[in-house]
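Asks: Hey, dropping start22.cif in here, mmCIF, N, CA and C atoms, pLDDT in the B column; chains and numbers go by the auth columns:
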data_final
loop_
_atom_site.group_PDB
_atom_site.id
_atom_site.type_symbol
_atom_site.label_atom_id
_atom_site.label_comp_id
_atom_site.label_asym_id
_atom_site.label_seq_id
_atom_site.Cartn_x
_atom_site.Cartn_y
_atom_site.Cartn_z
_atom_site.B_iso_or_equiv
_atom_site.auth_seq_id
_atom_site.auth_asym_id
ATOM 1 N N MET A 1 0.931 22.872 -36.813 90.00 1 Z
ATOM 2 C CA MET A 1 1.389 23.301 -38.101 90.00 1 Z
ATOM 3 C C MET A 1 0.971 24.758 -38.281 90.00 1 Z
ATOM 4 N N LEU A 2 1.912 25.559 -38.718 92.00 2 Z
ATOM 5 C CA LEU A 2 1.638 26.962 -38.988 92.00 2 Z
ATOM 6 C C LEU A 2 1.877 27.227 -40.473 92.00 2 Z
ATOM 7 N N LEU A 3 0.844 27.687 -41.137 93.00 3 Z
ATOM 8 C CA LEU A 3 0.922 28.008 -42.556 93.00 3 Z
ATOM 9 C C LEU A 3 1.155 29.501 -42.725 93.00 3 Z
ATOM 10 N N HIS A 4 1.958 29.859 -43.699 94.00 4 Z
ATOM 11 C CA HIS A 4 2.108 31.278 -44.044 94.00 4 Z
ATOM 12 C C HIS A 4 2.310 31.393 -45.534 94.00 4 Z
ATOM 13 N N GLY A 5 1.796 32.462 -46.089 95.00 5 Z
ATOM 14 C CA GLY A 5 1.932 32.693 -47.518 95.00 5 Z
ATOM 15 C C GLY A 5 3.335 33.134 -47.874 95.00 5 Z
ATOM 16 N N ALA A 6 3.912 32.518 -48.872 94.00 6 Z
ATOM 17 C CA ALA A 6 5.271 32.851 -49.293 94.00 6 Z
ATOM 18 C C ALA A 6 5.388 34.306 -49.745 94.00 6 Z
ATOM 19 N N ASP A 7 4.279 34.868 -50.235 95.00 7 Z
ATOM 20 C CA ASP A 7 4.288 36.245 -50.732 95.00 7 Z
ATOM 21 C C ASP A 7 3.606 37.218 -49.771 95.00 7 Z
ATOM 22 N N SER A 8 3.460 36.836 -48.515 95.00 8 Z
ATOM 23 C CA SER A 8 2.744 37.666 -47.549 95.00 8 Z
ATOM 24 C C SER A 8 3.503 38.951 -47.233 95.00 8 Z
ATOM 25 N N PRO A 9 2.822 40.096 -47.330 93.00 9 Z
ATOM 26 C CA PRO A 9 3.443 41.342 -46.908 93.00 9 Z
ATOM 27 C C PRO A 9 3.336 41.535 -45.390 93.00 9 Z
ATOM 28 N N VAL A 10 2.584 40.660 -44.729 94.00 10 Z
ATOM 29 C CA VAL A 10 2.355 40.780 -43.287 94.00 10 Z
ATOM 30 C C VAL A 10 3.296 39.862 -42.501 94.00 10 Z
ATOM 31 N N VAL A 11 3.354 38.598 -42.895 92.00 11 Z
ATOM 32 C CA VAL A 11 4.221 37.629 -42.222 92.00 11 Z
ATOM 33 C C VAL A 11 5.541 37.586 -42.992 92.00 11 Z
ATOM 34 N N THR A 12 6.523 38.262 -42.457 91.00 12 Z
ATOM 35 C CA THR A 12 7.825 38.366 -43.117 91.00 12 Z
ATOM 36 C C THR A 12 8.719 37.192 -42.722 91.00 12 Z
ATOM 37 N N ALA A 13 9.850 37.070 -43.392 89.00 13 Z
ATOM 38 C CA ALA A 13 10.828 36.036 -43.035 89.00 13 Z
ATOM 39 C C ALA A 13 11.276 36.205 -41.583 89.00 13 Z
ATOM 40 N N ALA A 14 11.429 37.438 -41.146 93.00 14 Z
ATOM 41 C CA ALA A 14 11.813 37.690 -39.754 93.00 14 Z
ATOM 42 C C ALA A 14 10.711 37.236 -38.801 93.00 14 Z
ATOM 43 N N GLY A 15 9.455 37.447 -39.188 93.00 15 Z
ATOM 44 C CA GLY A 15 8.333 37.000 -38.359 93.00 15 Z
ATOM 45 C C GLY A 15 8.269 35.485 -38.261 93.00 15 Z
ATOM 46 N N VAL A 16 8.543 34.804 -39.362 93.00 16 Z
ATOM 47 C CA VAL A 16 8.568 33.342 -39.356 93.00 16 Z
ATOM 48 C C VAL A 16 9.692 32.858 -38.445 93.00 16 Z
ATOM 49 N N ALA A 17 10.861 33.470 -38.543 94.00 17 Z
ATOM 50 C CA ALA A 17 11.993 33.084 -37.705 94.00 17 Z
ATOM 51 C C ALA A 17 11.675 33.281 -36.223 94.00 17 Z
ATOM 52 N N GLU A 18 11.010 34.373 -35.905 95.00 18 Z
ATOM 53 C CA GLU A 18 10.620 34.645 -34.519 95.00 18 Z
ATOM 54 C C GLU A 18 9.615 33.605 -34.024 95.00 18 Z
ATOM 55 N N ALA A 19 8.638 33.263 -34.858 94.00 19 Z
ATOM 56 C CA ALA A 19 7.637 32.263 -34.481 94.00 19 Z
ATOM 57 C C ALA A 19 8.297 30.895 -34.282 94.00 19 Z
ATOM 58 N N ARG A 20 9.253 30.560 -35.137 94.00 20 Z
ATOM 59 C CA ARG A 20 9.966 29.281 -34.988 94.00 20 Z
ATOM 60 C C ARG A 20 10.748 29.240 -33.685 94.00 20 Z
ATOM 61 N N ALA A 21 11.320 30.357 -33.303 96.00 21 Z
ATOM 62 C CA ALA A 21 12.119 30.410 -32.075 96.00 21 Z
ATOM 63 C C ALA A 21 11.273 30.128 -30.840 96.00 21 Z
ATOM 64 N N VAL A 22 10.020 30.571 -30.848 96.00 22 Z
ATOM 65 C CA VAL A 22 9.163 30.361 -29.673 96.00 22 Z
ATOM 66 C C VAL A 22 8.270 29.132 -29.805 96.00 22 Z
ATOM 67 N N ASN A 23 8.262 28.503 -30.987 94.00 23 Z
ATOM 68 C CA ASN A 23 7.474 27.282 -31.230 94.00 23 Z
ATOM 69 C C ASN A 23 8.354 26.241 -31.925 94.00 23 Z
ATOM 70 N N PRO A 24 9.409 25.785 -31.267 93.00 24 Z
ATOM 71 C CA PRO A 24 10.364 24.901 -31.959 93.00 24 Z
ATOM 72 C C PRO A 24 9.778 23.558 -32.401 93.00 24 Z
ATOM 73 N N ALA A 25 8.725 23.102 -31.761 94.00 25 Z
ATOM 74 C CA ALA A 25 8.140 21.811 -32.136 94.00 25 Z
ATOM 75 C C ALA A 25 7.134 21.929 -33.285 94.00 25 Z
ATOM 76 N N ALA A 26 6.750 23.137 -33.631 92.00 26 Z
ATOM 77 C CA ALA A 26 5.737 23.339 -34.667 92.00 26 Z
ATOM 78 C C ALA A 26 6.334 23.130 -36.058 92.00 26 Z
ATOM 79 N N ARG A 27 5.476 22.676 -36.952 92.00 27 Z
ATOM 80 C CA ARG A 27 5.845 22.546 -38.364 92.00 27 Z
ATOM 81 C C ARG A 27 5.435 23.836 -39.060 92.00 27 Z
ATOM 82 N N PHE A 28 6.356 24.447 -39.765 93.00 28 Z
ATOM 83 C CA PHE A 28 6.091 25.676 -40.500 93.00 28 Z
ATOM 84 C C PHE A 28 6.078 25.364 -41.988 93.00 28 Z
ATOM 85 N N VAL A 29 5.027 25.819 -42.668 93.00 29 Z
ATOM 86 C CA VAL A 29 4.893 25.548 -44.101 93.00 29 Z
ATOM 87 C C VAL A 29 4.638 26.856 -44.833 93.00 29 Z
ATOM 88 N N SER A 30 5.477 27.124 -45.802 93.00 30 Z
ATOM 89 C CA SER A 30 5.309 28.294 -46.656 93.00 30 Z
ATOM 90 C C SER A 30 4.456 27.883 -47.854 93.00 30 Z
ATOM 91 N N ILE A 31 3.334 28.569 -48.043 94.00 31 Z
ATOM 92 C CA ILE A 31 2.409 28.260 -49.128 94.00 31 Z
ATOM 93 C C ILE A 31 2.795 29.088 -50.356 94.00 31 Z
ATOM 94 N N PRO A 32 3.158 28.418 -51.455 92.00 32 Z
ATOM 95 C CA PRO A 32 3.524 29.173 -52.659 92.00 32 Z
ATOM 96 C C PRO A 32 2.315 29.873 -53.269 92.00 32 Z
ATOM 97 N N ASP A 33 2.575 30.936 -53.980 93.00 33 Z
ATOM 98 C CA ASP A 33 1.521 31.691 -54.672 93.00 33 Z
ATOM 99 C C ASP A 33 0.423 32.145 -53.725 93.00 33 Z
ATOM 100 N N ALA A 34 0.817 32.521 -52.501 95.00 34 Z
ATOM 101 C CA ALA A 34 -0.161 33.000 -51.526 95.00 34 Z
ATOM 102 C C ALA A 34 0.420 34.175 -50.758 95.00 34 Z
ATOM 103 N N GLY A 35 -0.459 35.130 -50.502 95.00 35 Z
ATOM 104 C CA GLY A 35 -0.093 36.251 -49.651 95.00 35 Z
ATOM 105 C C GLY A 35 -0.501 35.942 -48.218 95.00 35 Z
ATOM 106 N N HIS A 36 -1.042 36.933 -47.540 94.00 36 Z
ATOM 107 C CA HIS A 36 -1.429 36.759 -46.141 94.00 36 Z
ATOM 108 C C HIS A 36 -2.646 35.850 -45.981 94.00 36 Z
ATOM 109 N N MET A 37 -3.504 35.802 -46.961 95.00 37 Z
ATOM 110 C CA MET A 37 -4.737 35.008 -46.885 95.00 37 Z
ATOM 111 C C MET A 37 -4.533 33.693 -47.644 95.00 37 Z
ATOM 112 N N VAL A 38 -3.834 32.729 -47.018 95.00 38 Z
ATOM 113 C CA VAL A 38 -3.437 31.520 -47.736 95.00 38 Z
ATOM 114 C C VAL A 38 -4.623 30.715 -48.256 95.00 38 Z
ATOM 115 N N PHE A 39 -5.728 30.666 -47.492 95.00 39 Z
ATOM 116 C CA PHE A 39 -6.883 29.889 -47.944 95.00 39 Z
ATOM 117 C C PHE A 39 -7.646 30.598 -49.065 95.00 39 Z
ATOM 118 N N TRP A 40 -7.446 31.859 -49.210 96.00 40 Z
ATOM 119 C CA TRP A 40 -8.064 32.617 -50.302 96.00 40 Z
ATOM 120 C C TRP A 40 -7.171 32.560 -51.543 96.00 40 Z
ATOM 121 N N ASP A 41 -5.873 32.730 -51.329 96.00 41 Z
ATOM 122 C CA ASP A 41 -4.924 32.826 -52.439 96.00 41 Z
ATOM 123 C C ASP A 41 -4.549 31.481 -53.054 96.00 41 Z
ATOM 124 N N ASN A 42 -4.432 30.453 -52.237 95.00 42 Z
ATOM 125 C CA ASN A 42 -4.042 29.128 -52.739 95.00 42 Z
ATOM 126 C C ASN A 42 -4.804 28.068 -51.938 95.00 42 Z
ATOM 127 N N PRO A 43 -6.123 28.015 -52.121 95.00 43 Z
ATOM 128 C CA PRO A 43 -6.945 27.125 -51.296 95.00 43 Z
ATOM 129 C C PRO A 43 -6.614 25.643 -51.474 95.00 43 Z
ATOM 130 N N ALA A 44 -6.287 25.221 -52.670 95.00 44 Z
ATOM 131 C CA ALA A 44 -6.027 23.788 -52.894 95.00 44 Z
ATOM 132 C C ALA A 44 -4.830 23.313 -52.080 95.00 44 Z
ATOM 133 N N THR A 45 -3.754 24.071 -52.111 95.00 45 Z
ATOM 134 C CA THR A 45 -2.552 23.676 -51.367 95.00 45 Z
ATOM 135 C C THR A 45 -2.782 23.770 -49.868 95.00 45 Z
ATOM 136 N N ALA A 46 -3.398 24.847 -49.421 93.00 46 Z
ATOM 137 C CA ALA A 46 -3.641 25.010 -47.986 93.00 46 Z
ATOM 138 C C ALA A 46 -4.535 23.901 -47.450 93.00 46 Z
ATOM 139 N N LEU A 47 -5.596 23.590 -48.163 93.00 47 Z
ATOM 140 C CA LEU A 47 -6.517 22.544 -47.724 93.00 47 Z
ATOM 141 C C LEU A 47 -5.842 21.176 -47.743 93.00 47 Z
ATOM 142 N N MET A 48 -5.042 20.901 -48.751 93.00 48 Z
ATOM 143 C CA MET A 48 -4.320 19.633 -48.818 93.00 48 Z
ATOM 144 C C MET A 48 -3.410 19.456 -47.593 93.00 48 Z
ATOM 145 N N LEU A 49 -2.704 20.509 -47.220 93.00 49 Z
ATOM 146 C CA LEU A 49 -1.800 20.432 -46.076 93.00 49 Z
ATOM 147 C C LEU A 49 -2.550 20.228 -44.769 93.00 49 Z
ATOM 148 N N VAL A 50 -3.677 20.899 -44.611 91.00 50 Z
ATOM 149 C CA VAL A 50 -4.475 20.726 -43.388 91.00 50 Z
ATOM 150 C C VAL A 50 -5.032 19.309 -43.338 91.00 50 Z
ATOM 151 N N ARG A 51 -5.524 18.808 -44.455 90.00 51 Z
ATOM 152 C CA ARG A 51 -6.051 17.434 -44.483 90.00 51 Z
ATOM 153 C C ARG A 51 -4.968 16.416 -44.155 90.00 51 Z
ATOM 154 N N GLU A 52 -3.755 16.632 -44.651 90.00 52 Z
ATOM 155 C CA GLU A 52 -2.649 15.723 -44.356 90.00 52 Z
ATOM 156 C C GLU A 52 -2.282 15.745 -42.876 90.00 52 Z
ATOM 157 N N ALA A 53 -2.465 16.887 -42.233 88.00 53 Z
ATOM 158 C CA ALA A 53 -2.081 17.027 -40.830 88.00 53 Z
ATOM 159 C C ALA A 53 -3.114 16.444 -39.870 88.00 53 Z
ATOM 160 N N LEU A 54 -4.364 16.315 -40.313 86.00 54 Z
ATOM 161 C CA LEU A 54 -5.431 15.806 -39.447 86.00 54 Z
ATOM 162 C C LEU A 54 -5.512 14.287 -39.510 86.00 54 Z
ATOM 163 N N PRO A 55 -5.978 13.666 -38.416 82.00 55 Z
ATOM 164 C CA PRO A 55 -6.199 12.218 -38.465 82.00 55 Z
ATOM 165 C C PRO A 55 -7.383 11.915 -39.376 82.00 55 Z
ATOM 166 N N PRO A 56 -7.545 10.654 -39.778 77.00 56 Z
ATOM 167 C CA PRO A 56 -8.725 10.305 -40.588 77.00 56 Z
ATOM 168 C C PRO A 56 -10.005 10.765 -39.899 77.00 56 Z
ATOM 169 N N SER A 57 -11.016 11.115 -40.667 70.00 57 Z
ATOM 170 C CA SER A 57 -12.242 11.692 -40.106 70.00 57 Z
ATOM 171 C C SER A 57 -12.903 10.776 -39.090 70.00 57 Z
ATOM 172 N N SER A 58 -12.805 9.477 -39.261 59.00 58 Z
ATOM 173 C CA SER A 58 -13.441 8.578 -38.297 59.00 58 Z
ATOM 174 C C SER A 58 -12.797 8.704 -36.926 59.00 58 Z
ATOM 175 N N ASP A 59 -11.502 9.029 -36.869 59.00 59 Z
ATOM 176 C CA ASP A 59 -10.823 9.210 -35.592 59.00 59 Z
ATOM 177 C C ASP A 59 -11.288 10.478 -34.888 59.00 59 Z
ATOM 178 N N LEU A 60 -11.802 11.435 -35.636 58.00 60 Z
ATOM 179 C CA LEU A 60 -12.290 12.666 -35.036 58.00 60 Z
ATOM 180 C C LEU A 60 -13.661 12.461 -34.392 58.00 60 Z
ATOM 181 N N LEU A 61 -14.418 11.505 -34.878 58.00 61 Z
ATOM 182 C CA LEU A 61 -15.780 11.293 -34.394 58.00 61 Z
ATOM 183 C C LEU A 61 -15.842 10.422 -33.156 58.00 61 Z
ATOM 184 N N HIS A 62 -14.903 9.527 -32.998 57.00 62 Z
ATOM 185 C CA HIS A 62 -14.936 8.635 -31.842 57.00 62 Z
ATOM 186 C C HIS A 62 -13.522 8.226 -31.461 57.00 62 Z
ATOM 187 N N GLY A 63 -13.377 7.857 -30.221 57.00 63 Z
ATOM 188 C CA GLY A 63 -12.081 7.441 -29.716 57.00 63 Z
ATOM 189 C C GLY A 63 -11.864 5.966 -29.942 57.00 63 Z
ATOM 190 N N PRO A 64 -10.689 5.467 -29.555 56.00 64 Z
ATOM 191 C CA PRO A 64 -10.380 4.061 -29.704 56.00 64 Z
ATOM 192 C C PRO A 64 -11.385 3.184 -28.959 56.00 64 Z
ATOM 193 N N GLY A 65 -11.865 2.140 -29.589 55.00 65 Z
ATOM 194 C CA GLY A 65 -12.784 1.218 -28.948 55.00 65 Z
ATOM 195 C C GLY A 65 -14.236 1.658 -28.902 55.00 65 Z
ATOM 196 N N GLU A 66 -14.523 2.851 -29.407 53.00 66 Z
ATOM 197 C CA GLU A 66 -15.911 3.334 -29.411 53.00 66 Z
ATOM 198 C C GLU A 66 -16.561 2.999 -30.740 53.00 66 Z
ATOM 199 N N SER A 67 -17.865 2.930 -30.731 52.00 67 Z
ATOM 200 C CA SER A 67 -18.593 2.514 -31.935 52.00 67 Z
ATOM 201 C C SER A 67 -18.635 3.557 -33.019 52.00 67 Z
ATOM 202 N N GLY A 68 -18.478 4.809 -32.657 51.00 68 Z
ATOM 203 C CA GLY A 68 -18.596 5.867 -33.640 51.00 68 Z
ATOM 204 C C GLY A 68 -20.010 6.403 -33.779 51.00 68 Z
ATOM 205 N N HIS A 69 -20.933 5.828 -33.021 49.00 69 Z
ATOM 206 C CA HIS A 69 -22.318 6.291 -33.055 49.00 69 Z
ATOM 207 C C HIS A 69 -22.553 7.244 -31.892 49.00 69 Z
ATOM 208 N N PHE A 70 -23.282 8.294 -32.158 46.00 70 Z
ATOM 209 C CA PHE A 70 -23.591 9.251 -31.118 46.00 70 Z
ATOM 210 C C PHE A 70 -24.796 8.785 -30.323 46.00 70 Z
ATOM 211 N N ALA A 71 -24.686 8.867 -29.006 48.00 71 Z
ATOM 212 C CA ALA A 71 -25.832 8.525 -28.167 48.00 71 Z
ATOM 213 C C ALA A 71 -26.832 9.661 -28.236 48.00 71 Z
ATOM 214 N N GLY A 72 -28.059 9.339 -28.336 46.00 72 Z
ATOM 215 C CA GLY A 72 -29.022 10.407 -28.504 46.00 72 Z
ATOM 216 C C GLY A 72 -30.198 10.329 -27.668 46.00 72 Z
#
Kindly return the structure encoded in the file as C-alpha cells.

Replies:
Amino acid sequence: MLLHGADSPVVTAAGVAEARAVNPAARFVSIPDAGHMVFWDNPATALMLVREALPPSSDLLHGPGESGHFAG
C-alpha cells in the first residue's frame, strides 16, 4: 500500500500515475487533508489505513501453530 497526501506539492498526480505504472499490484491511497507528510497532516486517517492493511498483532508475533511465547 502506498499512501500519498491529496494536497502534496511533492507527489503530483503525474507521480502517482508513474508509480502505479511500475507497481500495478500495489494499492494506492490518497489521504485527504494531507500534504507530503501524511502522518503529520492527517495522522488518524493514515494510521487507520496502515492498521487495516496489517494482520492482527498476534499474527505478527508468531507464525501458524506457534505458541506466541518467545524463547528466552

Asks: Quick one: distance from atom C of Pro56 (chain Z) to atom C of Pro43 (chain Z) in Å, one decimal?

Replies: 19.2 Å

Asks: Please list as a compact mmCIF listing (two decimals) with N, CA and C atoms, in the coordinates of the input every residue within 6.5 Å of Ala6 (chain Z), counting only N, CA and C atoms and excluding residues in the same chain fewer than 6 positions away.

Replies:
# COMPACT_ATOMS: atom_id res chain seq x y z
N SER Z 30 5.48 27.12 -45.80
CA SER Z 30 5.31 28.29 -46.66
C SER Z 30 4.46 27.88 -47.85
N ILE Z 31 3.33 28.57 -48.04
CA ILE Z 31 2.41 28.26 -49.13
C ILE Z 31 2.80 29.09 -50.36
N PRO Z 32 3.16 28.42 -51.46
CA PRO Z 32 3.52 29.17 -52.66
C PRO Z 32 2.32 29.87 -53.27
N ASP Z 33 2.58 30.94 -53.98
CA ASP Z 33 1.52 31.69 -54.67
C ASP Z 33 0.42 32.15 -53.72
N ALA Z 34 0.82 32.52 -52.50
CA ALA Z 34 -0.16 33.00 -51.53
C ALA Z 34 0.42 34.17 -50.76
N GLY Z 35 -0.46 35.13 -50.50
CA GLY Z 35 -0.09 36.25 -49.65
C GLY Z 35 -0.50 35.94 -48.22

Asks: Pick from Z:Ala13, Z:Ala21, Z:Val38, Z:Val29: nearest to Met1 (chain Z), with all atoms listed in the file counted?

Replies: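 Nearest candidate to Met1 (chain Z) out of Z:Ala13, Z:Ala21, Z:Val38, Z:Val29: Z:Val29.
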
Asks: One decimal, Å: what's the distance from CA of Phe39 (chain Z) over to CA of Val16 (chain Z), could you say?

Replies: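 We find that CA of Phe39 (chain Z) and CA of Val16 (chain Z) lie 18.0 Å from each other.
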
Asks: CA of Val22 (chain Z) and atom C of Asn42 (chain Z), how far apart in Å?

Replies: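 Atom C of Asn42 (chain Z) sits 26.4 Å away from CA of Val22 (chain Z).
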
Asks: I'd like to know which residues of region 16-65 of chain Z are alpha helix (DSSP H) (by DSSP, run on the backbone); could you write them as a PyMOL selection string?

Replies: chain Z and resi 16-22+38-41+43-53+57-61

Asks: Need the shell around His36 (chain Z): protein/DNA/RNA residues with any atom at most 6 Å away, counting all atoms listed in the file. Skip same-chain ones fewer than 3 positions apart. Format as a list in words?

Replies: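 Contacts, in chain order: Gly5, Asp7, Ser8, Pro9 and Val10 of chain Z.
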
Asks: So that I can check the surroundings of Leu2 (chain Z), please list as JSON, numbers by chain every protein, DNA and RNA residue that reaches within 12 Å of it, counting only C-alpha atoms and ignoring chain neighbours fewer than 4 positions away.

Replies: {"Z": [11, 16, 19, 20, 23, 24, 25, 26, 27, 28, 29, 30, 31, 38, 46, 49, 50, 53]}

Asks: Any chance you could work out the axis-aligned box around region 4-19 of chain Z, listed atoms only, 4 Å on each side, giving centre and edge lengths in Å to one decimal, as JSON?

Replies:
{"center_x": 6.9, "center_y": 35.7, "center_z": -42.4, "size_x": 18.2, "size_y": 19.7, "size_z": 24.7}
